[in-house]
$ cat entry16.pdb   # PDB, C-alpha atoms
ATOM      1  CA  MET G  10      14.113   0.545  15.531
ATOM      2  CA  GLU G  11      12.502   3.571  17.152
ATOM      3  CA  ARG G  12       8.846   4.122  16.314
ATOM      4  CA  PRO G  13       7.772   7.640  15.407
ATOM      5  CA  MET G  14       4.969   9.157  17.433
ATOM      6  CA  LEU G  15       1.994   9.604  15.146
ATOM      7  CA  ARG G  16      -1.360  10.983  16.214
ATOM      8  CA  ARG G  17      -4.584   9.248  15.259
ATOM      9  CA  PHE G  18      -7.279  11.036  13.286
ATOM     10  CA  VAL G  19     -10.688  10.015  12.055
ATOM     11  CA  LEU G  20     -10.495  10.171   8.264
ATOM     12  CA  ARG G  21     -13.977   9.440   6.982
ATOM     13  CA  PRO G  22     -13.530  11.124   3.542
ATOM     14  CA  VAL G  23     -10.266   9.249   3.007
ATOM     15  CA  ALA G  24     -11.847   6.022   4.229
ATOM     16  CA  LEU G  25     -14.613   6.381   1.657
ATOM     17  CA  ALA G  26     -12.055   7.103  -1.060
ATOM     18  CA  THR G  27     -10.109   3.995  -0.012
ATOM     19  CA  VAL G  28     -13.182   1.785  -0.268
ATOM     20  CA  LEU G  29     -14.040   3.244  -3.686
ATOM     21  CA  LEU G  30     -10.437   2.827  -4.904
ATOM     22  CA  LEU G  31     -10.248  -0.801  -3.821
ATOM     23  CA  SER G  32     -13.668  -1.670  -5.192
ATOM     24  CA  SER G  33     -13.217   0.089  -8.524
ATOM     25  CA  VAL G  34     -12.224  -3.106 -10.302
ATOM     26  CA  GLY G  35     -15.819  -4.058 -10.977
ATOM     27  CA  PRO G  36     -19.251  -4.184  -9.454
ATOM     28  CA  LEU G  37     -19.138  -5.657  -5.977
ATOM     29  CA  ALA G  38     -22.292  -7.651  -6.620
ATOM     30  CA  ALA G  39     -20.603  -9.463  -9.507
ATOM     31  CA  GLN G  40     -17.694 -10.599  -7.363
ATOM     32  CA  ALA G  41     -17.921 -14.010  -5.731
ATOM     33  CA  ALA G  42     -17.781 -14.160  -1.948
ATOM     34  CA  PRO G  43     -14.313 -15.025  -0.655
ATOM     35  CA  PRO G  44     -13.732 -18.455   0.857
ATOM     36  CA  ALA G  45     -14.948 -18.466   4.482
ATOM     37  CA  ARG G  46     -11.496 -19.315   5.866
ATOM     38  CA  ASN G  47     -10.101 -16.119   4.298
ATOM     39  CA  ARG G  48     -12.751 -13.658   5.488
ATOM     40  CA  PRO G  49     -11.161 -12.805   8.872
ATOM     41  CA  LEU G  50      -7.830 -11.943   7.257
ATOM     42  CA  ILE G  51      -9.566  -9.954   4.504
ATOM     43  CA  ALA G  52     -11.382  -7.981   7.222
ATOM     44  CA  LEU G  53      -8.031  -7.330   8.942
ATOM     45  CA  ILE G  54      -6.561  -6.119   5.632
ATOM     46  CA  ASP G  55      -9.539  -3.824   5.032
ATOM     47  CA  THR G  56      -9.110  -2.351   8.506
ATOM     48  CA  PHE G  57      -5.401  -1.757   7.901
ATOM     49  CA  LEU G  58      -6.067  -0.049   4.567
ATOM     50  CA  LEU G  59      -8.443   2.348   6.315
ATOM     51  CA  ARG G  60      -6.183   2.847   9.355
ATOM     52  CA  PRO G  61      -2.600   2.098   8.275
ATOM     53  CA  PHE G  62      -1.021   3.832  11.264
ATOM     54  CA  ASN G  63      -2.100   0.947  13.521
ATOM     55  CA  ASP G  64       1.233  -0.799  14.058
ATOM     56  CA  ASP G  65      -0.307  -3.995  15.455
ATOM     57  CA  LEU G  66      -2.331  -4.449  12.258
ATOM     58  CA  ARG G  67       0.735  -3.806  10.103
ATOM     59  CA  VAL G  68       2.844  -6.391  11.930
ATOM     60  CA  GLY G  69       0.011  -8.923  11.944
ATOM     61  CA  LEU G  70      -0.488  -8.602   8.199
ATOM     62  CA  LEU G  71       3.192  -9.005   7.390
ATOM     63  CA  ASP G  72       3.385 -12.042   9.669
ATOM     64  CA  SER G  73       0.324 -13.534   7.947
ATOM     65  CA  ALA G  74       1.778 -12.934   4.494
ATOM     66  CA  ASN G  75       4.962 -14.759   5.501
ATOM     67  CA  VAL G  76       3.227 -17.891   6.783
ATOM     68  CA  ARG G  77       0.360 -18.303   4.314
ATOM     69  CA  PRO G  78       1.201 -20.980   1.736
ATOM     70  CA  ASP G  79      -1.791 -19.874  -0.356
ATOM     71  CA  VAL G  80      -0.398 -16.368  -0.929
ATOM     72  CA  MET G  81       2.447 -15.321  -3.213
ATOM     73  CA  VAL G  82       3.533 -11.678  -3.365
ATOM     74  CA  ASP G  83       6.450 -10.502  -5.496
ATOM     75  CA  VAL G  84       7.938  -7.354  -3.981
ATOM     76  CA  THR G  85      10.301  -5.585  -6.364
ATOM     77  CA  ALA G  86      11.706  -2.090  -6.680
ATOM     78  CA  SER G  87       9.232  -1.578  -9.549
ATOM     79  CA  VAL G  88       6.214  -1.770  -7.257
ATOM     80  CA  THR G  89       7.867  -0.267  -4.167
ATOM     81  CA  PRO G  90      10.005   2.545  -5.627
ATOM     82  CA  PHE G  91      10.287   4.366  -2.305
ATOM     83  CA  ILE G  92      12.808   1.757  -1.114
ATOM     84  CA  CYS G  93      15.329   3.117  -3.615
ATOM     85  CA  TYR G  94      15.526   6.633  -2.190
ATOM     86  CA  GLY G  95      18.410   7.598   0.068
ATOM     87  CA  ASP G  96      16.225   8.841   2.909
ATOM     88  CA  THR G  97      17.434   7.690   6.310
ATOM     89  CA  ALA G  98      15.166   9.492   8.786
ATOM     90  CA  THR G  99      13.179   7.083  10.933
ATOM     91  CA  ALA G 100       9.858   8.850  10.323
ATOM     92  CA  ILE G 101      10.301   8.723   6.546
ATOM     93  CA  ARG G 102      11.309   5.064   6.573
ATOM     94  CA  ALA G 103       8.277   4.315   8.777
ATOM     95  CA  LEU G 104       5.924   5.912   6.234
ATOM     96  CA  ASP G 105       7.680   4.015   3.442
ATOM     97  CA  GLY G 106       7.094   0.863   5.501
ATOM     98  CA  LEU G 107       3.360   1.586   5.587
ATOM     99  CA  LEU G 108       3.360   1.713   1.785
ATOM    100  CA  MET G 109       5.290  -1.561   1.614
ATOM    101  CA  THR G 110       2.742  -3.198   3.904
ATOM    102  CA  ALA G 111      -0.079  -1.739   1.810
ATOM    103  CA  TYR G 112       1.358  -3.331  -1.332
ATOM    104  CA  VAL G 113       1.629  -6.726   0.358
ATOM    105  CA  ALA G 114      -1.828  -6.386   1.938
ATOM    106  CA  GLY G 115      -3.618  -5.367  -1.256
ATOM    107  CA  ASN G 116      -1.908  -8.085  -3.262
ATOM    108  CA  MET G 117      -2.662 -10.690  -0.602
ATOM    109  CA  ARG G 118      -6.282  -9.491  -0.239
ATOM    110  CA  GLU G 119      -7.079 -10.182  -3.881
ATOM    111  CA  GLN G 120      -5.563 -13.675  -3.689
ATOM    112  CA  LEU G 121      -7.546 -14.445  -0.539
ATOM    113  CA  ARG G 122     -10.714 -12.989  -2.062
ATOM    114  CA  THR G 123     -10.506 -15.123  -5.201
ATOM    115  CA  GLY G 124      -8.936 -18.197  -3.587
ATOM    116  CA  ARG G 125      -6.260 -18.163  -6.327
ATOM    117  CA  ASN G 126      -2.568 -18.132  -5.441
ATOM    118  CA  GLY G 127      -0.558 -15.801  -7.672
ATOM    119  CA  ASP G 128       0.851 -12.301  -7.580
ATOM    120  CA  ALA G 129      -1.918  -9.689  -7.920
ATOM    121  CA  SER G 130       0.208  -6.573  -8.406
ATOM    122  CA  GLU G 131      -2.626  -4.346  -9.619
ATOM    123  CA  PHE G 132      -4.363  -4.739  -6.274
ATOM    124  CA  GLY G 133      -1.111  -4.143  -4.422
ATOM    125  CA  LEU G 134      -0.696  -0.862  -6.325
ATOM    126  CA  ARG G 135      -4.306   0.111  -5.590
ATOM    127  CA  ALA G 136      -3.709  -0.484  -1.884
ATOM    128  CA  GLU G 137      -0.477   1.535  -1.998
ATOM    129  CA  LEU G 138      -2.339   4.446  -3.556
ATOM    130  CA  ALA G 139      -5.123   4.226  -0.967
ATOM    131  CA  VAL G 140      -2.651   4.235   1.934
ATOM    132  CA  TYR G 141      -0.627   6.981   0.245
ATOM    133  CA  ASP G 142      -3.761   9.147   0.324
ATOM    134  CA  VAL G 143      -4.239   8.405   4.033
ATOM    135  CA  ILE G 144      -0.608   9.264   4.763
ATOM    136  CA  ARG G 145      -0.759  12.482   2.740
ATOM    137  CA  SER G 146      -3.945  13.521   4.545
ATOM    138  CA  ARG G 147      -1.928  13.443   7.772
ATOM    139  CA  VAL G 148       1.570  14.321   6.576
ATOM    140  CA  ALA G 149       1.197  16.721   3.656
ATOM    141  CA  ASN G 150       4.900  17.090   2.882
ATOM    142  CA  TYR G 151       5.544  13.334   2.553
ATOM    143  CA  PHE G 152       5.698  12.311  -1.094
ATOM    144  CA  VAL G 153       6.739   9.575  -3.498
ATOM    145  CA  PRO G 154       7.010  10.915  -7.078
ATOM    146  CA  GLU G 155       6.213   7.540  -8.644
ATOM    147  CA  LEU G 156       2.988   7.192  -6.673
ATOM    148  CA  ASN G 157       1.924  10.634  -7.843
ATOM    149  CA  GLU G 158       2.421   9.352 -11.409
ATOM    150  CA  TRP G 159       0.456   6.172 -10.632
ATOM    151  CA  LYS G 160      -2.488   8.304  -9.511
ATOM    152  CA  THR G 161      -2.558   9.781 -13.015
ATOM    153  CA  VAL G 162      -2.385   6.289 -14.531
ATOM    154  CA  LEU G 163      -5.257   5.176 -12.282
ATOM    155  CA  ALA G 164      -7.361   8.212 -13.197
ATOM    156  CA  ALA G 165      -6.822   7.426 -16.889
ATOM    157  CA  GLY G 166      -8.055   3.846 -16.335
ATOM    158  CA  ARG G 167      -4.702   2.308 -17.272
ATOM    159  CA  LEU G 168      -3.652   0.858 -13.914
ATOM    160  CA  PRO G 169      -4.323  -2.821 -14.797
ATOM    161  CA  ALA G 170      -2.070  -2.662 -17.881
ATOM    162  CA  TYR G 171       0.536  -0.599 -16.046
ATOM    163  CA  ALA G 172       0.633  -3.057 -13.123
ATOM    164  CA  ASP G 173       0.965  -5.952 -15.550
ATOM    165  CA  SER G 174       3.882  -4.195 -17.232
ATOM    166  CA  LEU G 175       5.634  -3.663 -13.888
ATOM    167  CA  ARG G 176       5.070  -7.316 -13.003
ATOM    168  CA  ARG G 177       6.379  -8.603 -16.334
ATOM    169  CA  HIS G 178       9.394  -6.280 -16.447
ATOM    170  CA  PRO G 179      10.502  -5.672 -12.858
ATOM    171  CA  LEU G 180      13.580  -3.660 -12.066
ATOM    172  CA  PRO G 181      16.298  -6.189 -11.193
ATOM    173  CA  ASP G 182      17.686  -3.954  -8.432
ATOM    174  CA  CYS G 183      17.209  -0.513  -7.016
ATOM    175  CA  VAL G 184      18.769   2.293  -8.918
ATOM    176  CA  GLN G 185      19.794   4.380  -5.910
ATOM    177  CA  LYS G 186      18.088   7.757  -5.944
ATOM    178  CA  PRO G 187      18.917  10.816  -3.870
ATOM    179  CA  ALA G 188      16.978  11.463  -0.683
ATOM    180  CA  ARG G 189      13.553  13.029  -1.127
ATOM    181  CA  PHE G 190      13.982  15.020   2.073
ATOM    182  CA  PRO G 191      17.031  16.969   3.255
ATOM    183  CA  PRO G 192      18.704  15.818   6.488
ATOM    184  CA  GLY G 193      16.729  17.012   9.484
ATOM    185  CA  ALA G 194      13.556  17.667   7.478
ATOM    186  CA  GLN G 195      10.422  17.673   9.586
ATOM    187  CA  LEU G 196       7.345  15.806   8.470
ATOM    188  CA  GLY G 197       4.497  17.866   9.754
ATOM    189  CA  PRO G 198       0.893  16.891  10.378
ATOM    190  CA  THR G 199      -1.704  18.603   8.249
ATOM    191  CA  ARG G 200      -4.051  18.833  11.230
ATOM    192  CA  PRO G 201      -3.354  19.821  14.842
TER
END
$ encode --input "entry16.pdb" --output "C-alpha cells"
Amino acid sequence: MERPMLRRFVLRPVALATVLLLSSVGPLAAQAAPPARNRPLIALIDTFLLRPFNDDLRVGLLDSANVRPDVMVDVTASVTPFICYGDTATAIRALDGLLMTAYVAGNMREQLRTGRNGDASEFGLRAELAVYDVIRSRVANYFVPELNEWKTVLAAGRLPAYADSLRRHPLPDCVQKPARFPPGAQLGPTRP
C-alpha cells in the first residue's frame, strides 16, 4: 500500500493536551508504577500518542500487540467506527489507521501499566481522541463524526460509562456508511 507523504510538525500544545487527556483518569501519584518489564513498551506507546505520524512506531506497536500474551484488545466497529465508512482514498485510510493504532495502543498501555490482562476500552477511546486531536491539528478537514460525539461525552465526564457500554454491547458488524469525503477530495494541512 502506498504511504501518503505527511510533513512533521512540532505540536507542543497538542502534546500537552494528549498527556492531560491520558492522565485524566486519576491523580498520577496515586497510580502504582507499572511493572519494570512493561516500561519500555509504555514509553514507546506514549511517544506514539504524541507523534502518531511516525510509521515505525505505529508498526512496532501493532507488532507488539500481536505477540504479547499479557495483552488482550477487542477491536470492534463500536470502538473504531471509521472502519465502516466507504472512503477509499489512501490518505484517508492512512489517517483511519492511525486512529486504529491509537485505540490498540491506549488499550494495551493501560493493561501494561496495571499488569492486568483484559480489554481496557476506555483507555483505547482516550488514546483515539488524543490522536484525533493531533491529526486534526495537521489535517483540519479530516473528521470522524463519532469521535466528535465522544469528545462531548469525555467533556461531560461520562467516558468511562460510555466505553463500558460499547464494550458490553459491541456492534456485531459494520453497518456500511457512505464515504465522508467525495472522490478526489484533498486533505489539506492546516499549517504550511
$ closest_residue --input "entry16.pdb" --among "G:Thr99, G:Asn126, G:Thr110, G:Ser87" --to "G:Pro181" --atoms "all atoms listed in the file"
G:Ser87
$ residues_around --input "entry16.pdb" --residues "stretch 81-86 of chain G" --least-positions-apart "6" --cutoff "12 Å" --atoms "all atoms listed in the file" --output "PDB file with C-alpha atoms, in the coordinates of the input"
ATOM      1  CA  LEU G  71       3.192  -9.005   7.390  1.00  0.00           C
ATOM      2  CA  SER G  73       0.324 -13.534   7.947  1.00  0.00           C
ATOM      3  CA  ALA G  74       1.778 -12.934   4.494  1.00  0.00           C
ATOM      4  CA  ASN G  75       4.962 -14.759   5.501  1.00  0.00           C
ATOM      5  CA  ILE G  92      12.808   1.757  -1.114  1.00  0.00           C
ATOM      6  CA  CYS G  93      15.329   3.117  -3.615  1.00  0.00           C
ATOM      7  CA  TYR G  94      15.526   6.633  -2.190  1.00  0.00           C
ATOM      8  CA  LEU G 108       3.360   1.713   1.785  1.00  0.00           C
ATOM      9  CA  MET G 109       5.290  -1.561   1.614  1.00  0.00           C
ATOM     10  CA  THR G 110       2.742  -3.198   3.904  1.00  0.00           C
ATOM     11  CA  ALA G 111      -0.079  -1.739   1.810  1.00  0.00           C
ATOM     12  CA  TYR G 112       1.358  -3.331  -1.332  1.00  0.00           C
ATOM     13  CA  VAL G 113       1.629  -6.726   0.358  1.00  0.00           C
ATOM     14  CA  ALA G 114      -1.828  -6.386   1.938  1.00  0.00           C
ATOM     15  CA  GLY G 115      -3.618  -5.367  -1.256  1.00  0.00           C
ATOM     16  CA  ASN G 116      -1.908  -8.085  -3.262  1.00  0.00           C
ATOM     17  CA  MET G 117      -2.662 -10.690  -0.602  1.00  0.00           C
ATOM     18  CA  ARG G 118      -6.282  -9.491  -0.239  1.00  0.00           C
ATOM     19  CA  GLU G 119      -7.079 -10.182  -3.881  1.00  0.00           C
ATOM     20  CA  GLN G 120      -5.563 -13.675  -3.689  1.00  0.00           C
ATOM     21  CA  LEU G 121      -7.546 -14.445  -0.539  1.00  0.00           C
ATOM     22  CA  GLY G 124      -8.936 -18.197  -3.587  1.00  0.00           C
ATOM     23  CA  ARG G 125      -6.260 -18.163  -6.327  1.00  0.00           C
ATOM     24  CA  ASN G 126      -2.568 -18.132  -5.441  1.00  0.00           C
ATOM     25  CA  GLY G 127      -0.558 -15.801  -7.672  1.00  0.00           C
ATOM     26  CA  ASP G 128       0.851 -12.301  -7.580  1.00  0.00           C
ATOM     27  CA  ALA G 129      -1.918  -9.689  -7.920  1.00  0.00           C
ATOM     28  CA  SER G 130       0.208  -6.573  -8.406  1.00  0.00           C
ATOM     29  CA  GLU G 131      -2.626  -4.346  -9.619  1.00  0.00           C
ATOM     30  CA  PHE G 132      -4.363  -4.739  -6.274  1.00  0.00           C
ATOM     31  CA  GLY G 133      -1.111  -4.143  -4.422  1.00  0.00           C
ATOM     32  CA  LEU G 134      -0.696  -0.862  -6.325  1.00  0.00           C
ATOM     33  CA  GLU G 155       6.213   7.540  -8.644  1.00  0.00           C
ATOM     34  CA  LEU G 175       5.634  -3.663 -13.888  1.00  0.00           C
ATOM     35  CA  ARG G 176       5.070  -7.316 -13.003  1.00  0.00           C
ATOM     36  CA  ARG G 177       6.379  -8.603 -16.334  1.00  0.00           C
ATOM     37  CA  HIS G 178       9.394  -6.280 -16.447  1.00  0.00           C
ATOM     38  CA  PRO G 179      10.502  -5.672 -12.858  1.00  0.00           C
ATOM     39  CA  LEU G 180      13.580  -3.660 -12.066  1.00  0.00           C
ATOM     40  CA  PRO G 181      16.298  -6.189 -11.193  1.00  0.00           C
ATOM     41  CA  ASP G 182      17.686  -3.954  -8.432  1.00  0.00           C
ATOM     42  CA  CYS G 183      17.209  -0.513  -7.016  1.00  0.00           C
ATOM     43  CA  VAL G 184      18.769   2.293  -8.918  1.00  0.00           C
ATOM     44  CA  GLN G 185      19.794   4.380  -5.910  1.00  0.00           C
ATOM     45  CA  LYS G 186      18.088   7.757  -5.944  1.00  0.00           C
TER      46      LYS G 186
END
$ resolve_selection --input "entry16.pdb" --expression "the PyMOL selection byres ((chain G and resi 44) around 8)" --output "PDB file with C-alpha atoms, in the coordinates of the input"
ATOM      1  CA  ALA G  42     -17.781 -14.160  -1.948  1.00  0.00           C
ATOM      2  CA  PRO G  43     -14.313 -15.025  -0.655  1.00  0.00           C
ATOM      3  CA  ALA G  45     -14.948 -18.466   4.482  1.00  0.00           C
ATOM      4  CA  ARG G  46     -11.496 -19.315   5.866  1.00  0.00           C
ATOM      5  CA  ASN G  47     -10.101 -16.119   4.298  1.00  0.00           C
ATOM      6  CA  ARG G  48     -12.751 -13.658   5.488  1.00  0.00           C
ATOM      7  CA  LEU G 121      -7.546 -14.445  -0.539  1.00  0.00           C
ATOM      8  CA  ARG G 122     -10.714 -12.989  -2.062  1.00  0.00           C
ATOM      9  CA  THR G 123     -10.506 -15.123  -5.201  1.00  0.00           C
ATOM     10  CA  GLY G 124      -8.936 -18.197  -3.587  1.00  0.00           C
TER      11      GLY G 124
END
$ resolve_selection --input "entry16.pdb" --expression "the PyMOL selection byres ((chain G and resi 140) around 7)" --output "list in words"
Leu58, Pro61, Leu108, Ala111, Ala136, Glu137, Leu138, Ala139, Tyr141, Asp142, Val143 and Ile144 of chain G
$ resolve_selection --input "entry16.pdb" --expression "the PyMOL selection byres ((chain G and resi 98) around 10)" --output "list in words"
Gly95, Asp96, Thr97, Thr99, Ala100, Ile101, Arg102, Ala103, Ala188, Phe190, Pro191, Pro192, Gly193, Ala194 and Gln195 of chain G
$ closest_residue --input "entry16.pdb" --among "G:Arg135, G:Pro78, G:Phe91, G:Ala52" --to "G:Ala164" --atoms "all atoms listed in the file"
G:Arg135
$ atom_distance --input "entry16.pdb" --atom1 "atom CA of G:Leu50" --atom2 "atom CA of G:Leu168"
25.1 Å
$ closest_residue --input "entry16.pdb" --among "G:Val162, G:Asp79, G:Tyr171, G:Gly197" --to "G:Arg145" --atoms "only C-alpha atoms"
G:Gly197
$ atom_distance --input "entry16.pdb" --atom1 "atom CA of G:Val80" --atom2 "atom CA of G:Glu158"
27.9 Å
$ atom_distance --input "entry16.pdb" --atom1 "atom CA of G:Ala41" --atom2 "atom CA of G:Val68"
28.3 Å
